[in-house]
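The file input08.cif contains mmCIF, C-alpha atoms; chains and numbers go by the auth columns:
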```cif
data_entry
#
loop_
_atom_site.group_PDB
_atom_site.id
_atom_site.type_symbol
_atom_site.label_atom_id
_atom_site.label_comp_id
_atom_site.label_asym_id
_atom_site.label_seq_id
_atom_site.Cartn_x
_atom_site.Cartn_y
_atom_site.Cartn_z
_atom_site.B_iso_or_equiv
_atom_site.auth_seq_id
_atom_site.auth_asym_id
ATOM 1 C CA MET A 1 -24.291 -5.250 18.468 0.00 119 S
ATOM 2 C CA PHE A 2 -21.301 -3.676 16.810 0.00 120 S
ATOM 3 C CA LEU A 3 -17.834 -5.118 16.663 0.00 121 S
ATOM 4 C CA GLN A 4 -15.118 -2.825 17.926 0.00 122 S
ATOM 5 C CA LYS A 5 -11.828 -2.592 16.099 0.00 123 S
ATOM 6 C CA LYS A 6 -8.563 -1.881 17.760 0.00 124 S
ATOM 7 C CA VAL A 7 -7.231 1.263 16.153 0.00 125 S
ATOM 8 C CA HIS A 8 -3.511 1.930 16.328 0.00 126 S
ATOM 9 C CA SER A 9 -2.051 5.303 15.692 0.00 127 S
ATOM 10 C CA ARG A 10 0.410 5.605 12.838 0.00 128 S
ATOM 11 C CA LYS A 11 3.068 7.002 15.131 0.00 129 S
ATOM 12 C CA LYS A 12 3.327 3.676 16.930 0.00 130 S
ATOM 13 C CA LEU A 13 3.505 1.597 13.756 0.00 131 S
ATOM 14 C CA VAL A 14 6.148 3.612 11.896 0.00 132 S
ATOM 15 C CA LYS A 15 9.661 3.402 13.279 0.00 133 S
ATOM 16 C CA SER A 16 12.089 6.185 12.582 0.00 134 S
ATOM 17 C CA ASP A 17 14.946 3.816 11.715 0.00 135 S
ATOM 18 C CA THR A 18 12.944 2.240 8.880 0.00 136 S
ATOM 19 C CA ILE A 19 12.350 5.648 7.334 0.00 137 S
ATOM 20 C CA ILE A 20 16.064 6.415 7.492 0.00 138 S
ATOM 21 C CA ALA A 21 16.927 3.027 6.001 0.00 139 S
ATOM 22 C CA LYS A 22 14.556 3.535 3.089 0.00 140 S
ATOM 23 C CA SER A 23 15.850 7.003 2.328 0.00 141 S
ATOM 24 C CA ALA A 24 19.480 5.780 2.479 0.00 142 S
ATOM 25 C CA GLU A 25 18.757 3.075 -0.116 0.00 143 S
ATOM 26 C CA PRO A 26 19.940 4.068 -3.594 0.00 144 S
ATOM 27 C CA ALA A 27 17.017 4.692 -5.897 0.00 145 S
ATOM 28 C CA SER A 28 18.804 3.988 -9.146 0.00 146 S
ATOM 29 C CA LEU A 29 16.854 2.801 -12.138 0.00 147 S
ATOM 30 C CA GLU A 30 18.975 -0.326 -12.536 0.00 148 S
ATOM 31 C CA ALA A 31 18.336 -1.413 -8.944 0.00 149 S
ATOM 32 C CA ARG A 32 14.613 -0.933 -9.342 0.00 150 S
ATOM 33 C CA ILE A 33 14.558 -2.913 -12.604 0.00 151 S
ATOM 34 C CA GLU A 34 16.526 -5.766 -11.019 0.00 152 S
ATOM 35 C CA LYS A 35 14.087 -5.824 -8.109 0.00 153 S
ATOM 36 C CA LEU A 36 11.124 -6.014 -10.507 0.00 154 S
ATOM 37 C CA GLU A 37 12.747 -8.751 -12.585 0.00 155 S
ATOM 38 C CA ALA A 38 13.279 -10.833 -9.441 0.00 156 S
ATOM 39 C CA LEU A 39 9.534 -10.940 -8.752 0.00 157 S
ATOM 40 C CA PRO A 40 7.676 -14.108 -9.786 0.00 158 S
ATOM 41 C CA ARG A 41 5.736 -13.917 -13.040 0.00 159 S
ATOM 42 C CA ARG A 42 2.401 -15.356 -14.037 0.00 160 S
ATOM 43 C CA ASN A 43 2.073 -18.085 -16.608 0.00 161 S
ATOM 44 C CA PRO A 44 1.818 -16.639 -20.164 0.00 162 S
ATOM 45 C CA ILE A 45 -1.000 -19.082 -20.940 0.00 163 S
ATOM 46 C CA LEU A 46 -3.166 -17.144 -18.498 0.00 164 S
ATOM 47 C CA HIS A 47 -2.574 -13.889 -20.381 0.00 165 S
ATOM 48 C CA TRP A 48 -3.160 -15.433 -23.814 0.00 166 S
ATOM 49 C CA SER A 49 -6.363 -17.133 -22.674 0.00 167 S
ATOM 50 C CA ALA A 50 -7.647 -13.828 -21.270 0.00 168 S
ATOM 51 C CA PHE A 51 -6.793 -12.167 -24.590 0.00 169 S
ATOM 52 C CA VAL A 52 -8.661 -14.834 -26.583 0.00 170 S
ATOM 53 C CA ILE A 53 -11.710 -14.586 -24.320 0.00 171 S
ATOM 54 C CA ALA A 54 -11.713 -10.793 -24.676 0.00 172 S
ATOM 55 C CA LEU A 55 -11.399 -11.076 -28.450 0.00 173 S
ATOM 56 C CA LEU A 56 -14.260 -13.581 -28.625 0.00 174 S
ATOM 57 C CA SER A 57 -16.464 -11.366 -26.500 0.00 175 S
ATOM 58 C CA LEU A 58 -15.673 -8.411 -28.781 0.00 176 S
ATOM 59 C CA ILE A 59 -16.609 -10.462 -31.849 0.00 177 S
ATOM 60 C CA ILE A 60 -19.874 -11.608 -30.266 0.00 178 S
ATOM 61 C CA LEU A 61 -20.707 -8.071 -29.162 0.00 179 S
ATOM 62 C CA SER A 62 -20.000 -6.621 -32.603 0.00 180 S
ATOM 63 C CA PHE A 63 -22.029 -9.381 -34.260 0.00 181 S
ATOM 64 C CA LEU A 64 -25.025 -8.714 -32.008 0.00 182 S
ATOM 65 C CA GLY A 65 -24.611 -4.949 -32.355 0.00 183 S
ATOM 66 C CA PHE A 66 -24.591 -4.914 -36.148 0.00 184 S
#
```

Could the structure of this file be written out as structure tokens, please?
Amino acid sequence: MFLQKKVHSRKKLVKSDTIIAKSAEPASLEARIEKLEALPRRNPILHWSAFVIALLSLIILSFLGF
């Protein structure tokens, strides 16, 4: 047996007033940067640990390769 999905057409999901509101919004660079800076950031420890793991894997790979 197959499960049937309910498929909605895009015309029903997109409202015309939302398109107008998005186009009326100023697309300045400063506004976009402020919006990006307001987003939550990940912990820097996560990035440094990923960097160390990648560096260790590169060292192991080069050691086994040569």

Practice item. May I ask for the distance between CA of Leu182 (chain S) and CA of His165 (chain S), given in Å to one decimal place? Key: 25.8 Å

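Going from CA of Leu174 (chain S) over to CA of Asn161 (chain S), you cover 20.8 Å.
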
Find the smallest box with edges along x, y and z containing every listed atom of region 168-172 of chain S, then add 8 Å on each side and report centre and edge lengths in Å to one decimal, as JSON.
```
{"center_x": -9.3, "center_y": -12.8, "center_z": -23.9, "size_x": 20.9, "size_y": 20.0, "size_z": 21.3}
```

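Separating CA of Arg150 (chain S) from CA of Trp166 (chain S) is a distance of 27.1 Å.
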